[in-house]
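So this one's upload11.txt, compact mmCIF, C-alpha atoms and all ligand atoms:
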```txt
# COMPACT_ATOMS: atom_id res chain seq x y z
CA MET A 3 14.47 -32.19 13.43
CA GLN A 4 12.16 -29.24 13.09
CA ILE A 5 12.96 -26.62 10.45
CA ARG A 6 14.25 -23.56 12.26
CA ILE A 7 15.30 -21.60 9.18
CA TYR A 8 13.09 -21.76 6.11
CA ALA A 9 15.08 -20.58 3.09
CA ASP A 10 13.09 -22.08 0.21
CA HIS A 11 10.59 -19.29 -0.50
CA ALA A 12 10.77 -19.95 -4.26
CA ALA A 13 9.17 -23.36 -3.59
CA THR A 14 6.33 -21.98 -1.51
CA THR A 15 5.56 -19.50 1.27
CA ALA A 16 3.43 -19.62 4.42
CA LEU A 17 -0.08 -18.21 4.22
CA SER A 18 -0.02 -14.71 5.69
CA PRO A 19 -2.17 -14.16 8.81
CA ALA A 20 -4.12 -11.42 6.98
CA ALA A 21 -4.83 -13.71 4.01
CA TYR A 22 -5.84 -16.51 6.38
CA ALA A 23 -8.26 -14.21 8.23
CA ALA A 24 -9.69 -12.85 4.96
CA MET A 25 -10.39 -16.41 3.75
CA GLN A 26 -12.33 -17.57 6.84
CA PRO A 27 -15.83 -16.20 6.08
CA TRP A 28 -15.91 -17.81 2.64
CA LEU A 29 -15.18 -21.30 3.90
CA GLN A 30 -18.12 -21.75 6.28
CA ASP A 31 -20.66 -18.95 6.81
CA GLU A 32 -20.67 -17.52 3.28
CA TYR A 33 -20.37 -20.77 1.39
CA GLY A 34 -22.75 -19.84 -1.47
CA ASN A 35 -21.85 -20.67 -5.04
CA PRO A 36 -21.24 -17.31 -6.78
CA SER A 37 -23.05 -18.54 -9.92
CA THR A 38 -26.41 -19.16 -8.20
CA LEU A 39 -29.29 -16.72 -8.30
CA TYR A 40 -30.46 -16.48 -4.67
CA SER A 41 -29.20 -14.06 -2.04
CA LEU A 42 -26.62 -16.46 -0.50
CA ALA A 43 -24.57 -16.01 -3.70
CA ARG A 44 -24.50 -12.23 -3.58
CA LYS A 45 -21.69 -11.79 -1.06
CA PRO A 46 -19.32 -14.41 -2.54
CA ARG A 47 -19.97 -12.98 -6.00
CA LYS A 48 -19.08 -9.50 -4.74
CA ALA A 49 -16.01 -10.84 -2.96
CA VAL A 50 -14.70 -12.44 -6.17
CA ALA A 51 -15.37 -9.24 -8.15
CA SER A 52 -13.61 -7.13 -5.54
CA ALA A 53 -10.61 -9.50 -5.46
CA ARG A 54 -10.40 -9.33 -9.25
CA LYS A 55 -10.28 -5.51 -9.06
CA ARG A 56 -7.66 -5.49 -6.29
CA ILE A 57 -5.41 -7.98 -8.12
CA ALA A 58 -5.78 -6.08 -11.40
CA ALA A 59 -4.73 -2.85 -9.65
CA CYS A 60 -1.56 -4.54 -8.34
CA ILE A 61 -0.32 -5.39 -11.86
CA GLY A 62 -1.69 -2.46 -13.88
CA ALA A 63 -4.44 -4.51 -15.53
CA LYS A 64 -8.19 -4.08 -15.96
CA PRO A 65 -10.35 -6.34 -13.76
CA GLU A 66 -11.82 -8.16 -16.76
CA GLU A 67 -8.29 -9.10 -17.87
CA ILE A 68 -7.76 -11.25 -14.72
CA HIS A 69 -8.83 -14.90 -15.05
CA PHE A 70 -8.65 -17.06 -11.94
CA THR A 71 -7.04 -20.49 -12.19
CA SER A 72 -5.95 -23.32 -9.90
CA GLY A 73 -2.40 -21.95 -9.83
CA GLY A 74 0.65 -21.23 -11.97
CA THR A 75 0.71 -24.61 -13.72
CA GLU A 76 -2.84 -24.22 -15.02
CA ALA A 77 -2.21 -20.61 -16.05
CA ASP A 78 0.89 -21.64 -18.04
CA ASN A 79 -0.86 -24.63 -19.65
CA TRP A 80 -3.83 -22.46 -20.57
CA ALA A 81 -1.73 -19.66 -22.10
CA LEU A 82 0.23 -22.05 -24.31
CA GLU A 83 -2.49 -24.51 -25.26
CA GLY A 84 -5.14 -21.79 -25.52
CA ALA A 85 -3.02 -19.84 -28.00
CA ALA A 86 -1.92 -22.96 -29.91
CA PHE A 87 -5.47 -24.30 -30.30
CA CYS A 88 -6.52 -21.06 -32.01
CA SER A 89 -4.57 -22.45 -34.96
CA PRO A 90 -7.07 -25.13 -36.12
CA ASP A 91 -4.65 -26.99 -38.44
CA ARG A 92 -2.36 -27.65 -35.44
CA GLN A 93 0.59 -26.05 -37.15
CA GLY A 94 2.79 -23.11 -36.40
CA GLN A 95 5.78 -22.29 -34.24
CA ILE A 96 5.91 -21.82 -30.47
CA VAL A 97 9.09 -20.31 -29.02
CA THR A 98 10.20 -20.61 -25.42
CA SER A 99 13.50 -20.65 -23.53
CA SER A 100 15.57 -23.60 -22.36
CA ILE A 101 15.28 -22.50 -18.70
CA GLU A 102 11.48 -22.31 -18.32
CA HIS A 103 9.64 -24.10 -15.55
CA HIS A 104 8.35 -27.57 -16.48
CA ALA A 105 4.80 -26.17 -16.49
CA VAL A 106 5.86 -24.48 -19.74
CA LEU A 107 8.46 -26.95 -21.06
CA HIS A 108 6.30 -30.06 -20.63
CA THR A 109 3.30 -28.26 -22.16
CA CYS A 110 5.53 -27.47 -25.15
CA ASP A 111 6.53 -31.16 -25.35
CA PHE A 112 2.81 -32.02 -25.47
CA LEU A 113 2.13 -29.43 -28.18
CA GLY A 114 5.16 -30.71 -30.11
CA ARG A 115 3.62 -34.20 -30.09
CA LEU A 116 0.44 -32.71 -31.55
CA GLY A 117 2.38 -31.31 -34.50
CA TYR A 118 3.37 -27.77 -33.50
CA CYS A 119 6.98 -26.73 -34.07
CA ILE A 120 8.65 -25.99 -30.73
CA ASP A 121 11.85 -23.95 -30.66
CA LEU A 122 13.88 -23.45 -27.49
CA LEU A 123 15.93 -20.28 -27.14
CA PRO A 124 19.37 -20.62 -25.58
CA VAL A 125 20.33 -18.33 -22.70
CA ASN A 126 23.65 -16.70 -21.96
CA GLN A 127 25.82 -17.56 -18.93
CA ASP A 128 23.73 -15.52 -16.53
CA GLY A 129 20.48 -17.01 -17.82
CA THR A 130 19.32 -14.08 -19.94
CA VAL A 131 17.53 -14.46 -23.27
CA ALA A 132 18.80 -11.99 -25.89
CA ALA A 133 16.17 -10.18 -27.98
CA SER A 134 18.45 -10.45 -31.04
CA VAL A 135 18.52 -14.25 -30.72
CA LEU A 136 14.72 -14.32 -30.45
CA GLU A 137 14.37 -12.11 -33.52
CA GLU A 138 16.46 -14.50 -35.61
CA LEU A 139 14.28 -17.45 -34.65
CA LEU A 140 10.85 -15.93 -35.32
CA ARG A 141 8.97 -17.08 -38.41
CA GLU A 142 5.89 -16.05 -40.31
CA ASP A 143 3.88 -18.76 -38.60
CA THR A 144 5.02 -18.03 -35.02
CA ILE A 145 1.93 -18.33 -32.83
CA LEU A 146 3.36 -17.55 -29.43
CA VAL A 147 6.56 -16.68 -27.57
CA SER A 148 6.65 -17.63 -23.88
CA ILE A 149 9.57 -16.38 -21.78
CA MET A 150 9.49 -16.34 -17.99
CA LEU A 151 9.74 -13.02 -16.16
CA ALA A 152 12.02 -14.44 -13.47
CA ASN A 153 13.64 -17.85 -13.22
CA ASN A 154 12.71 -20.10 -10.29
CA GLU A 155 16.21 -21.52 -9.82
CA ILE A 156 18.64 -18.70 -10.49
CA GLY A 157 16.28 -15.72 -10.12
CA THR A 158 17.40 -14.05 -13.37
CA ILE A 159 14.94 -11.37 -14.54
CA GLN A 160 14.44 -11.28 -18.32
CA PRO A 161 14.24 -8.15 -20.53
CA ILE A 162 10.55 -8.87 -21.09
CA ARG A 163 9.63 -5.50 -22.60
CA GLU A 164 12.26 -5.88 -25.32
CA LEU A 165 11.34 -9.51 -26.00
CA ALA A 166 7.63 -8.65 -26.23
CA GLU A 167 8.38 -5.78 -28.64
CA VAL A 168 10.35 -8.06 -30.97
CA THR A 169 7.53 -10.63 -30.82
CA HIS A 170 4.86 -8.05 -31.60
CA ARG A 171 6.82 -6.75 -34.60
CA HIS A 172 6.33 -10.27 -35.96
CA LYS A 173 2.61 -10.12 -35.13
CA SER A 174 2.81 -13.00 -32.66
CA LEU A 175 1.52 -13.29 -29.08
CA PHE A 176 3.77 -12.93 -26.03
CA HIS A 177 3.23 -14.77 -22.73
CA THR A 178 5.35 -14.50 -19.62
CA ASP A 179 5.40 -16.86 -16.64
CA GLY A 180 5.37 -14.33 -13.80
CA VAL A 181 5.01 -16.91 -11.01
CA GLN A 182 8.34 -16.05 -9.31
CA ALA A 183 8.05 -12.31 -9.95
CA VAL A 184 4.53 -11.20 -9.01
CA GLY A 185 4.54 -9.88 -5.44
CA HIS A 186 8.37 -9.69 -5.35
CA ILE A 187 9.33 -7.08 -7.96
CA PRO A 188 7.23 -4.34 -9.59
CA VAL A 189 5.10 -5.96 -12.31
CA ASP A 190 3.02 -3.77 -14.62
CA VAL A 191 1.58 -5.66 -17.57
CA LYS A 192 1.12 -2.52 -19.67
CA GLU A 193 4.73 -1.41 -19.11
CA LEU A 194 5.98 -4.91 -19.90
CA GLY A 195 3.79 -5.00 -23.02
CA VAL A 196 2.81 -8.65 -22.56
CA ASP A 197 -0.35 -10.29 -23.90
CA MET A 198 -0.56 -12.88 -21.11
CA LEU A 199 1.03 -13.34 -17.67
CA SER A 200 0.73 -16.25 -15.21
CA ALA A 201 0.85 -15.91 -11.42
CA SER A 202 0.45 -18.18 -8.41
CA ALA A 203 -0.79 -17.18 -4.94
CA HIS A 204 1.36 -19.55 -2.85
CA LYS A 205 4.54 -17.85 -4.03
CA PHE A 206 3.51 -14.58 -2.33
CA ASN A 207 2.01 -15.82 0.97
CA GLY A 208 -1.38 -16.62 -0.51
CA PRO A 209 -3.05 -20.05 -0.49
CA LYS A 210 -1.91 -23.02 -2.57
CA GLY A 211 -4.05 -24.09 -5.53
CA CYS A 212 -4.97 -20.58 -6.61
CA GLY A 213 -3.54 -18.31 -9.30
CA PHE A 214 -4.50 -16.25 -12.29
CA LEU A 215 -3.81 -15.67 -15.95
CA TYR A 216 -3.80 -12.08 -17.17
CA ILE A 217 -5.10 -11.99 -20.75
CA ARG A 218 -4.89 -8.62 -22.43
CA ASP A 219 -8.19 -7.13 -23.52
CA GLY A 220 -8.85 -8.05 -27.16
CA ILE A 221 -6.84 -11.30 -27.10
CA ALA A 222 -8.93 -14.44 -27.56
CA ILE A 223 -7.50 -17.85 -26.64
CA GLU A 224 -9.27 -21.20 -26.45
CA PRO A 225 -10.49 -22.26 -22.99
CA LEU A 226 -8.65 -25.10 -21.28
CA MET A 227 -11.51 -25.96 -18.92
CA HIS A 228 -14.90 -26.70 -20.44
CA GLY A 229 -18.11 -26.64 -18.45
CA GLY A 230 -19.92 -23.78 -16.75
CA ALA A 231 -19.91 -20.12 -17.76
CA GLN A 232 -17.59 -18.86 -14.98
CA GLU A 233 -14.90 -16.26 -15.75
CA HIS A 234 -17.07 -14.87 -18.58
CA GLY A 235 -17.10 -18.32 -20.20
CA SER A 236 -13.33 -18.51 -20.48
CA ARG A 237 -12.56 -20.87 -17.57
CA ALA A 238 -15.23 -23.26 -16.32
CA GLY A 239 -15.40 -24.41 -12.69
CA THR A 240 -16.89 -23.08 -9.47
CA GLU A 241 -14.71 -20.27 -8.16
CA ASN A 242 -12.37 -20.93 -5.24
CA VAL A 243 -13.85 -17.95 -3.39
CA ALA A 244 -11.74 -18.22 -0.22
CA GLY A 245 -8.57 -18.81 -2.24
CA ILE A 246 -9.25 -15.87 -4.54
CA VAL A 247 -9.91 -13.51 -1.60
CA GLY A 248 -6.78 -14.80 0.19
CA MET A 249 -4.71 -14.31 -2.96
CA ALA A 250 -5.89 -10.68 -3.37
CA THR A 251 -5.14 -9.91 0.29
CA ALA A 252 -1.67 -11.47 0.13
CA LEU A 253 -0.76 -9.69 -3.10
CA GLU A 254 -1.89 -6.32 -1.77
CA GLU A 255 0.22 -6.87 1.35
CA HIS A 256 3.34 -7.53 -0.75
CA GLN A 257 2.54 -4.63 -3.04
CA LYS A 258 2.35 -2.21 -0.12
CA GLN A 259 5.79 -3.12 1.17
CA LEU A 260 7.46 -4.00 -2.12
CA LYS A 261 10.27 -1.43 -1.97
CA HIS A 262 11.08 -2.24 1.63
CA GLU A 263 10.93 -5.98 0.91
CA MET A 264 13.30 -5.72 -2.05
CA THR A 265 15.85 -3.67 -0.11
CA TYR A 266 15.61 -5.94 2.93
CA LEU A 267 16.03 -9.19 0.97
CA CYS A 268 18.91 -7.87 -1.15
CA GLY A 269 20.59 -6.87 2.13
CA LEU A 270 20.09 -10.35 3.64
CA ALA A 271 21.47 -12.04 0.52
CA ASP A 272 24.53 -9.76 0.64
CA ILE A 273 25.13 -10.64 4.29
CA LEU A 274 24.92 -14.36 3.50
CA LEU A 275 27.29 -14.02 0.55
CA GLY A 276 29.70 -11.85 2.55
CA HIS A 277 29.93 -14.44 5.33
CA LEU A 278 30.36 -17.28 2.85
CA ARG A 279 33.21 -15.42 1.11
CA GLU A 280 34.93 -14.90 4.46
CA THR A 281 35.02 -18.67 4.98
CA GLY A 282 37.26 -19.03 1.92
CA LEU A 283 34.97 -21.59 0.26
CA ASP A 284 35.28 -21.83 -3.52
CA PHE A 285 31.85 -21.16 -5.04
CA LEU A 286 30.06 -19.48 -7.94
CA VAL A 287 26.96 -17.29 -7.73
CA ASN A 288 24.69 -18.29 -10.60
CA GLY A 289 22.37 -16.01 -12.53
CA SER A 290 22.29 -12.35 -13.37
CA SER A 291 22.94 -9.49 -10.94
CA ASN A 292 19.44 -8.42 -12.04
CA ARG A 293 17.63 -11.13 -10.13
CA ILE A 294 14.79 -11.68 -7.67
CA PRO A 295 15.76 -10.14 -4.30
CA GLY A 296 16.87 -12.75 -1.75
CA SER A 297 17.36 -15.42 -4.40
CA LEU A 298 20.75 -17.17 -4.43
CA SER A 299 21.82 -20.11 -6.56
CA LEU A 300 25.30 -21.14 -5.41
CA SER A 301 27.57 -23.81 -6.87
CA PHE A 302 30.30 -25.09 -4.52
CA ARG A 303 33.37 -26.59 -6.15
CA GLY A 304 33.65 -30.34 -5.70
CA ALA A 305 30.53 -30.52 -3.48
CA ASP A 306 27.35 -32.57 -3.77
CA GLY A 307 24.27 -30.31 -3.69
CA GLU A 308 21.93 -33.03 -2.52
CA MET A 309 24.24 -34.05 0.32
CA LEU A 310 24.45 -30.38 1.30
CA LEU A 311 20.66 -30.10 1.29
CA HIS A 312 20.27 -33.13 3.57
CA ARG A 313 23.02 -32.01 5.96
CA LEU A 314 21.45 -28.54 6.18
CA ASP A 315 18.08 -30.20 6.78
CA LEU A 316 19.60 -32.10 9.74
CA MET A 317 20.80 -28.76 11.09
CA GLY A 318 17.24 -27.36 10.80
CA THR A 319 17.63 -25.34 7.60
CA ALA A 320 15.51 -25.86 4.48
CA VAL A 321 17.03 -25.04 1.08
CA ALA A 322 16.61 -26.56 -2.40
CA THR A 323 18.90 -28.00 -5.04
CA GLY A 324 17.03 -27.76 -8.35
CA SER A 325 13.46 -26.55 -8.68
CA ALA A 326 10.91 -27.66 -6.08
CA CYS A 327 9.04 -29.90 -8.45
CA ASP A 328 12.25 -31.80 -9.21
CA SER A 329 13.38 -32.15 -5.63
CA LYS A 330 13.00 -35.94 -5.64
CA ALA A 331 15.03 -36.45 -8.80
CA ALA A 332 18.79 -36.53 -8.56
CA VAL A 333 19.27 -35.32 -12.14
CA LEU A 334 21.16 -32.10 -12.71
CA SER A 335 18.67 -29.30 -13.27
CA HIS A 336 18.07 -28.19 -16.86
CA VAL A 337 18.68 -24.59 -15.79
CA ILE A 338 22.14 -25.30 -14.35
CA GLN A 339 22.97 -27.23 -17.52
CA ALA A 340 21.66 -24.46 -19.80
CA ILE A 341 23.78 -21.72 -18.20
CA GLY A 342 26.87 -23.91 -18.45
CA VAL A 343 28.03 -24.06 -14.82
CA PRO A 344 31.55 -25.64 -15.01
CA ASP A 345 31.76 -29.40 -14.39
CA ASP A 346 33.63 -29.19 -11.08
CA TYR A 347 30.98 -26.83 -9.63
CA LYS A 348 27.66 -27.86 -11.14
CA HIS A 349 26.91 -30.86 -8.90
CA GLY A 350 27.43 -28.71 -5.81
CA THR A 351 24.51 -26.38 -6.51
CA VAL A 352 22.02 -25.25 -3.86
CA ARG A 353 19.23 -22.69 -4.13
CA ILE A 354 18.68 -20.44 -1.13
CA THR A 355 15.62 -18.20 -1.41
CA LEU A 356 15.17 -15.85 1.52
CA GLY A 357 11.89 -14.28 2.60
CA MET A 358 10.55 -11.64 4.95
CA ASP A 359 10.45 -14.17 7.81
CA ASN A 360 14.25 -14.48 7.63
CA ASN A 361 16.63 -12.16 9.47
CA GLU A 362 20.36 -11.30 9.54
CA LYS A 363 21.02 -14.05 12.05
CA ASP A 364 19.48 -16.61 9.66
CA ALA A 365 21.70 -15.36 6.84
CA ARG A 366 24.82 -15.68 9.00
CA THR A 367 23.73 -19.08 10.36
CA ILE A 368 23.15 -20.54 6.88
CA ALA A 369 26.62 -19.40 5.74
CA GLY A 370 28.18 -20.87 8.90
CA GLN A 371 26.35 -24.19 8.48
CA ILE A 372 27.46 -24.53 4.84
CA ALA A 373 31.05 -23.78 5.81
CA ARG A 374 30.93 -26.37 8.63
CA ILE A 375 29.54 -29.05 6.29
CA LEU A 376 31.90 -28.41 3.41
CA LYS A 377 35.02 -27.99 5.45
N1 LIG B 1 6.18 -21.38 -12.99
C1 LIG B 1 7.22 -21.15 -12.17
C2 LIG B 1 8.33 -20.25 -12.62
C3 LIG B 1 7.26 -21.74 -10.90
O1 LIG B 1 8.31 -21.51 -10.09
C4 LIG B 1 6.20 -22.59 -10.52
C5 LIG B 1 6.24 -23.30 -9.22
O2 LIG B 1 7.29 -23.62 -8.68
C6 LIG B 1 5.13 -22.79 -11.40
C7 LIG B 1 5.17 -22.16 -12.63
C8 LIG B 1 3.96 -23.64 -11.03
O3 LIG B 1 3.09 -22.95 -10.16
P1 LIG B 1 2.08 -23.74 -9.22
O4 LIG B 1 2.88 -24.36 -8.12
O5 LIG B 1 1.14 -22.67 -8.71
O6 LIG B 1 1.35 -24.71 -10.07
```
Could you spell out this file's structure in structure tokens?
Amino acid sequence: MQIRIYADHAATTALSPAAYAAMQPWLQDEYGNPSTLYSLARKPRKAVASARKRIAACIGAKPEEIHFTSGGTEADNWALEGAAFCSPDRQGQIVTSSIEHHAVLHTCDFLGRLGYCIDLLPVNQDGTVAASVLEELLREDTILVSIMLANNEIGTIQPIRELAEVTHRHKSLFHTDGVQAVGHIPVDVKELGVDMLSASAHKFNGPKGCGFLYIRDGIAIEPLMHGGAQEHGSRAGTENVAGIVGMATALEEHQKQLKHEMTYLCGLADILLGHLRETGLDFLVNGSSNRIPGSLSLSFRGADGEMLLHRLDLMGTAVATGSACDSKAAVLSHVIQAIGVPDDYKHGTVRITLGMDNNEKDARTIAGQIARILK
């Protein structure tokens, strides 16, 4: 069965036609390595510099604060390990939340095995981290606090500005995983007051395997990649020129229509919820009302989320249960556990993340399909 309705935009998105077109020249005709000295390198070098400027403008950063990576996972690993390794005695505290993506949580596990003290912040029922709880946990030796801007399963948006302020009062660094937020809600690094922010192109209709880490001017972290002098010596490896250009194009496209996109996706999610409520099904909407537009984590009483996913798949609709990276594992997601979804609902959780390629008919169809399966 072919997928007719794609409703898993938090897992990945299709490359936009504009991004695809913008990438073409750099794959064949202009294949020069930007680091070389002859004329073939000039155009790719300029293209990377221009993309850096365009991306920086989208998030209120300076071009030199944007560091290209192979995606969100690398950006998260680099932020955490890069900050931790500035402490040569391998000691000190790193604070994160219990609902982070595994790119952060598993990196913390690794740093914990090296000797750092890792503390996980609890979240409240809607998945929000409270600044007061963070403040109580901070110590004199806190190196870094890493709290995601928006959660990939329940969409909850964190009070990042407040959390960063508390962290800075304790003279520690603040990183946010912005992978689910960049391109979908307004993100201004100066307004948020963060020291580092991770992003990934494939979450906003850019290519896979391409992302960036914003590192505030004046912050020095250890490189993760060692080798050549690319990215001003901070991240070795020949630049993914086509990917970087595609990412800049895709992000600019989202930025231009951000307000419209947010209104449209909130409207679609409301339609879907409205139709589901009319069916009389017993379900909970997880996460905060302040969440990523179009993002719905729903827990159906007495249902089996994985069975629901497969039945929807047979009907031509793609949704998720936990996070994308966990989609093969039948374990209950750490996020659903952390927010304390009641026992008789938690196993019936599905994540529906709508995108600009969805319409009202899709929203109504998904609600109808769920009702047919569960009834
Ligand atoms: N962080 C969050 C919140 C994510 O949702 C994801 C991907 O699902 C990642 C990090 C990893 O990004 P990437 O797929 O670019 O490695």
So for range 294-311 of chain A, what box centre and size do we get, axis-aligned, 8 Å extra on each of the six sides, every listed atom, Å to one decimal, as lines of an AutoDock Vina configuration file?
```
center_x = 24.2
center_y = -22.1
center_z = -3.2
size_x = 34.9
size_y = 39.9
size_z = 25.0
```
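Take the candidates A:Val191, A:Ala23, A:Leu136, A:Ala183 and check each one against ligand LIG 1 (chain B) using all atoms listed in the file; the shortest distance goes to A:Ala183.
Separating CA of Thr178 in chain A from CA of Ile149 in chain A is a distance of 5.1 Å.
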Using all atoms listed in the file, determine which residues fall within 10 Å of ligand LIG 1 (chain B), then list them as a PyMOL selection string.
chain A and resi 11-14+71-79+101-106+150-155+157+178-183+200-205+209-214+325-328
Who sits within 6 Å of Ala252 in chain A, all atoms listed in the file, same chain under 5 positions skipped, as a PyMOL selection string
chain A and resi 21+207-208
Please save C-alpha atoms of the selected residues as a PDB file, keeping the file's coordinate frame.
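Output (result00.pdb):
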```pdb
ATOM      1  CA  ALA A  21      -4.830 -13.710   4.010  1.00  0.00           C
ATOM      2  CA  ASN A 207       2.010 -15.820   0.970  1.00  0.00           C
ATOM      3  CA  GLY A 208      -1.380 -16.620  -0.510  1.00  0.00           C
TER       4      GLY A 208
END
```
One number please: CA of Lys348 in chain A to CA of Ser301 in chain A, in Å, one decimal.
5.9 Å
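Within 9 Å of Ile68 in chain A, once all atoms listed in the file are used and residues closer than 4 positions along the same chain are dropped, the contacting residues are Arg54, Lys55, Ile57, Ala58, Ala63, Lys64, Phe214, Leu215, Tyr216, Ile217, Arg218 and Glu233 of chain A.
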Compare A:Gln339, A:Met227, A:Arg163, A:Asn242 by their minimum atom-to-atom distance to Lys192 in chain A, counting all atoms listed in the file, and give me the closest one.
A:Arg163
Shortest interatomic distance to His312 in chain A - which of A:Val352, A:Gly185, A:Phe285, A:Gly276, counting only C-alpha atoms
A:Val352
Ile354 in chain A environment, 7 Å, all atoms listed in the file, sequence neighbours closer than 2 positions dropped, as number ranges by chain
A: 9-10, 297-299, 321-322, 352, 356
Please provide as a ChimeraX atom specification all residues within 8 Å of Leu270 in chain A, with the sequence filter that same-chain residues fewer than 4 positions apart are discarded (counting all atoms listed in the file).
/A:266,274,296,356,361-362,365
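Comparing A:Ile372, A:Ile187, A:Leu300, A:Ala340 by their smallest distance to Leu122 in chain A, the closest is A:Ala340 (using all atoms listed in the file).
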Leaving out range 47-49 of chain A and any residue of its chain fewer than 4 positions from it, which residues lie within 10 Å of it when counting only C-alpha atoms, given as a PyMOL selection string?
chain A and resi 28+34-38+42-43+53-55+241+243-244+246-247
At what distance in Å, to one decimal, does CA of His186 in chain A lie from CA of Cys268 in chain A?
11.5 Å
From the list A:Asp272, A:Arg44, A:Ala24, A:Gly318, which residue is nearest Met249 in chain A when using all atoms listed in the file?
A:Ala24
Residue with the minimum atom-to-atom distance to Arg237 in chain A, picked from A:Arg6, A:Phe70, A:Ser52, A:Gly114 with all atoms listed in the file counted, is A:Phe70
